[in-house]
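Peer 1: Structure incoming, see below.
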Amino acid sequence: MQIRIVGSGGSIPTPKIGCSCSVCTKAREVGKPYKRNSNSIYLADAKAIFDCPEDISNSVNENGIKEIDALFITHWHPDHCFGLRLLMQYGYDFYSERVNHQLSLFIPENVYKILVKVYPAIKFQLENLGTAKLTLVADREIITINEMTIQPIDFNGKDADTFGFLLSDGSKNVLYSPCDTLGFITYHEFKKLDLWITECGCFSDYKGEISFEKTIQRINEINPAKTIFTHIEEEELNMAGWEYMETLKEKYCDTNFEFAYDTMIIDV
Ligand SMILES: [Zn+2]
Ligand SMILES: [Zn+2]
């Protein structure tokens with residue numbers, strides 16, 4: 001199975017508007033790996049995107065992705081779904097008012113209940129334009145696309161409104177849990193992962209989000225073959241400095257992890 005890191009950034013893409021920190025400056029002058037669009041991944045075997053932030057068009061183009069048949073949403077936060085219109089409308093011919101390509105949209109039921117309130121335009125896309133077919137999915141429900149299976153994984157029980165997805169080709173298993181993982185208490189159920197793509201966590205001691213150290217603890221607990229850290233916030237690198245990621249690689253050299261960058265390709 002092949003996975004692309006479509007965007008590796010956090011809730012605010014890098015470079016941040018108006019910011020002249022060294023990371024943002026390099027992001028403007030050099031581009032990758034300093035430049036990061038907000039978080040999403042692409043599963044080529046299913047032609048599926050997971051999450052669509054506001055800058056999804058730019059991300060899809062920079063990754064050279066030509067076909068998107070399915071879109072999965074982890075939770076309602078804008079950096080994971082406010083690019084919906086762009087993906088839901090790419091198969092629509094405005095002048096002939098015809099749908100040339102219908103997107104399959106998979107959203108956990110609890111996520112949709114909130115999403116439809118914070119992003120009501122989704123109803124216009126679904127009901128008036130018909131550019132996507134919505135399937136509400138339940139925790140651990142198996143969705144099969146081509147040879148791949150995809151399962152929503154609730155973060156904290158039946159009332160969860162934040163999900164990850166377990167991707168499998170029958171032999172290899174990948175868990176995607178990009179954001180808000182402080183409340184991800186079911187992670188310990190996934191002990192034989194070939195890859196965990198998960199939220200980087202804060203380098204600073206900000207209490208509202210998971211810390212990098214806590215994420216390392218969890219990795220050591222469930223011991224995936226490899227971990228890719230994504231959702232890397234500009235503000236964290238602004239404070240810590242770009243080189244800090246290298247010091248973390250040295251500090252935790254016994255743990256097999258890498259920091260994601262936009263257009264990164266992972267063969268599992
Ligand atoms: Zn900056
Ligand atoms: Zn996020």
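Order determines the names: the first chain of the structure tokens is A, the second B, and so forth; residues in each chain are numbered 1 upward, and ligands are numbered 1 upward as they are shown.
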If you run DSSP on the backbone, which residues of stretch 59-257 of chain A are strand (DSSP E or B), as a count of residues only?

Peer 2: 53

Peer 1: Which residues are close to A:Tyr252, i.e. within 12 Å by only C-alpha atoms, leaving aside same-chain residues fewer than 4 positions away? Reply as a ChimeraX atom specification.

Peer 2: /A:212-213,215-217,219-220,245-248,256-258

Peer 1: Enumerate as a CSV table (one decimal) with all heavy atoms, in the first residue's frame the residues within 7 Å of ligand 1, counting only C-alpha atoms and all ligand atoms.

Peer 2:
chain,number,residue,atom,x,y,z
A,14,THR,N,1.9,26.6,7.0
A,14,THR,CA,3.2,27.3,7.0
A,14,THR,C,3.6,27.7,5.5
A,14,THR,O,3.5,26.8,4.7
A,14,THR,CB,4.3,26.5,7.6
A,14,THR,OG1,3.9,26.0,8.9
A,14,THR,CG2,5.6,27.3,7.8
A,15,PRO,N,3.9,28.9,5.2
A,15,PRO,CA,4.1,30.1,6.0
A,15,PRO,C,2.8,30.7,6.5
A,15,PRO,O,1.8,30.7,5.8
A,15,PRO,CB,4.8,31.0,5.2
A,15,PRO,CG,4.4,30.7,3.8
A,15,PRO,CD,4.2,29.2,3.8
A,16,LYS,N,2.8,31.1,7.8
A,16,LYS,CA,1.6,31.8,8.3
A,16,LYS,C,1.6,33.2,7.8
A,16,LYS,O,2.6,33.9,7.6
A,16,LYS,CB,1.8,31.9,9.8
A,16,LYS,CG,0.7,32.4,10.6
A,16,LYS,CD,1.0,32.3,12.1
A,16,LYS,CE,-0.1,32.9,13.0
A,16,LYS,NZ,0.3,32.8,14.4
A,19,CYS,N,3.9,36.3,9.0
A,19,CYS,CA,4.9,35.9,9.9
A,19,CYS,C,6.3,35.9,9.2
A,19,CYS,O,6.5,35.4,8.1
A,19,CYS,CB,4.7,34.4,10.4
A,19,CYS,SG,5.9,33.9,11.6
A,20,SER,N,7.3,36.5,9.9
A,20,SER,CA,8.6,36.6,9.3
A,20,SER,C,9.6,35.7,10.1
A,20,SER,O,10.8,36.0,10.1
A,20,SER,CB,9.1,38.0,9.2
A,20,SER,OG,9.0,38.6,10.5
A,21,CYS,N,9.1,34.7,10.8
A,21,CYS,CA,10.0,33.8,11.6
A,21,CYS,C,10.9,33.1,10.5
A,21,CYS,O,10.6,33.0,9.3
A,21,CYS,CB,9.3,32.9,12.5
A,21,CYS,SG,8.5,31.4,11.6
A,22,SER,N,11.9,32.4,11.0
A,22,SER,CA,12.9,31.8,10.1
A,22,SER,C,12.2,30.7,9.3
A,22,SER,O,12.5,30.5,8.1
A,22,SER,CB,14.1,31.3,10.8
A,22,SER,OG,13.7,30.3,11.8
A,23,VAL,N,11.3,29.9,9.9
A,23,VAL,CA,10.6,28.8,9.2
A,23,VAL,C,9.7,29.3,8.1
A,23,VAL,O,9.7,28.9,7.0
A,23,VAL,CB,9.9,27.9,10.2
A,23,VAL,CG1,9.1,26.8,9.5
A,23,VAL,CG2,10.8,27.3,11.3
A,24,CYS,N,8.9,30.4,8.5
A,24,CYS,CA,8.0,30.9,7.5
A,24,CYS,C,8.8,31.6,6.3
A,24,CYS,O,8.4,31.5,5.2
A,24,CYS,CB,7.1,31.9,8.1
A,24,CYS,SG,5.8,31.1,9.1
A,234,GLU,N,3.1,25.4,12.8
A,234,GLU,CA,4.0,26.5,12.6
A,234,GLU,C,4.5,27.2,13.9
A,234,GLU,O,5.6,27.5,14.1
A,234,GLU,CB,3.4,27.6,11.6
A,234,GLU,CG,4.3,28.8,11.3
A,234,GLU,CD,4.2,29.9,12.3
A,234,GLU,OE1,3.2,30.0,13.0
A,234,GLU,OE2,5.2,30.7,12.4
A,235,GLU,N,3.5,27.4,14.8
A,235,GLU,CA,3.8,28.1,16.0
A,235,GLU,C,4.8,27.3,16.9
A,235,GLU,O,5.6,27.9,17.6
A,235,GLU,CB,2.5,28.3,16.8
A,235,GLU,CG,1.7,29.5,16.3
A,235,GLU,CD,0.6,29.9,17.2
A,235,GLU,OE1,0.9,30.5,18.3
A,235,GLU,OE2,-0.6,29.7,16.9
A,238,ASN,N,8.1,27.7,15.2
A,238,ASN,CA,8.5,29.1,15.4
A,238,ASN,C,9.2,29.3,16.7
A,238,ASN,O,10.3,29.9,16.8
A,238,ASN,CB,7.2,30.0,15.3
A,238,ASN,CG,7.5,31.4,15.4
A,238,ASN,OD1,8.5,31.9,15.9
A,238,ASN,ND2,6.6,32.2,14.8

Peer 1: Mind running stretch 29-112 of chain A against stretch 133-157 of chain A at 9 Å and telling me each contacting residue's nearest atom pair with the distance in Å (one decimal), counting only C-alpha atoms, chain and number ascending, as CSV?

Peer 2:
residue,atom,partner,partner_atom,distance
A:Asp45,CA,A:Met148,CA,7.0
A:Ala46,CA,A:Ile145,CA,5.6
A:Lys47,CA,A:Ile145,CA,8.7
A:Ala48,CA,A:Ile145,CA,8.9
A:Ala70,CA,A:Ile145,CA,9.0
A:Thr74,CA,A:Pro152,CA,8.2
A:Gln102,CA,A:Lys133,CA,6.8
A:Leu103,CA,A:Lys133,CA,6.2
A:Ser104,CA,A:Lys133,CA,5.0
A:Leu105,CA,A:Leu134,CA,4.7
A:Phe106,CA,A:Thr135,CA,5.0
A:Ile107,CA,A:Leu136,CA,5.1
A:Pro108,CA,A:Val137,CA,4.6
A:Glu109,CA,A:Leu136,CA,5.1
A:Asn110,CA,A:Ala138,CA,8.6
A:Tyr112,CA,A:Leu136,CA,7.6

Peer 1: Mind the document's chain letters and residue numbers, and return as a PyMOL selection string the residues of stretch 11-236 of chain A that DSSP labels helix (DSSP H, G or I).

Peer 2: chain A and resi 22-29+44-46+56-62+78-81+84-88+109-118+121-129+181-183+187-189+212-222+234-236

Peer 1: Ranking A:Lys66, A:Lys117, A:His77, A:Lys26 by minimum distance to ligand 2 and counting only C-alpha atoms and all ligand atoms, which one comes first?

Peer 2: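 Between A:Lys66, A:Lys117, A:His77, A:Lys26, the residue approaching ligand 2 most closely is A:His77.
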
Peer 1: What lies within 10 Å of A:Gly7 using only C-alpha atoms, ignoring chain neighbours under 2 positions off, as a PyMOL selection string?

Peer 2: chain A and resi 4-5+9-10+13+35-42+51-53+55-56+58-60+62-63+230-232+260-264

Peer 1: Could you build a table of the residues in chain A lying no more than 6 Å from ligand 2, giving for each the nearest pair of atoms and their separation in Å rounded to one decimal place, using only C-alpha atoms and all ligand atoms, ordered by chain and ascending residue number, as a tab-separated table?

Peer 2:
residue	atom	partner	partner_atom_place_in_ligand_line	distance
A:Gly10	CA	ligand 2	1 (Zn)	5.9
A:Ser11	CA	ligand 2	1 (Zn)	5.1
A:Asp79	CA	ligand 2	1 (Zn)	5.3
A:Cys179	CA	ligand 2	1 (Zn)	4.6
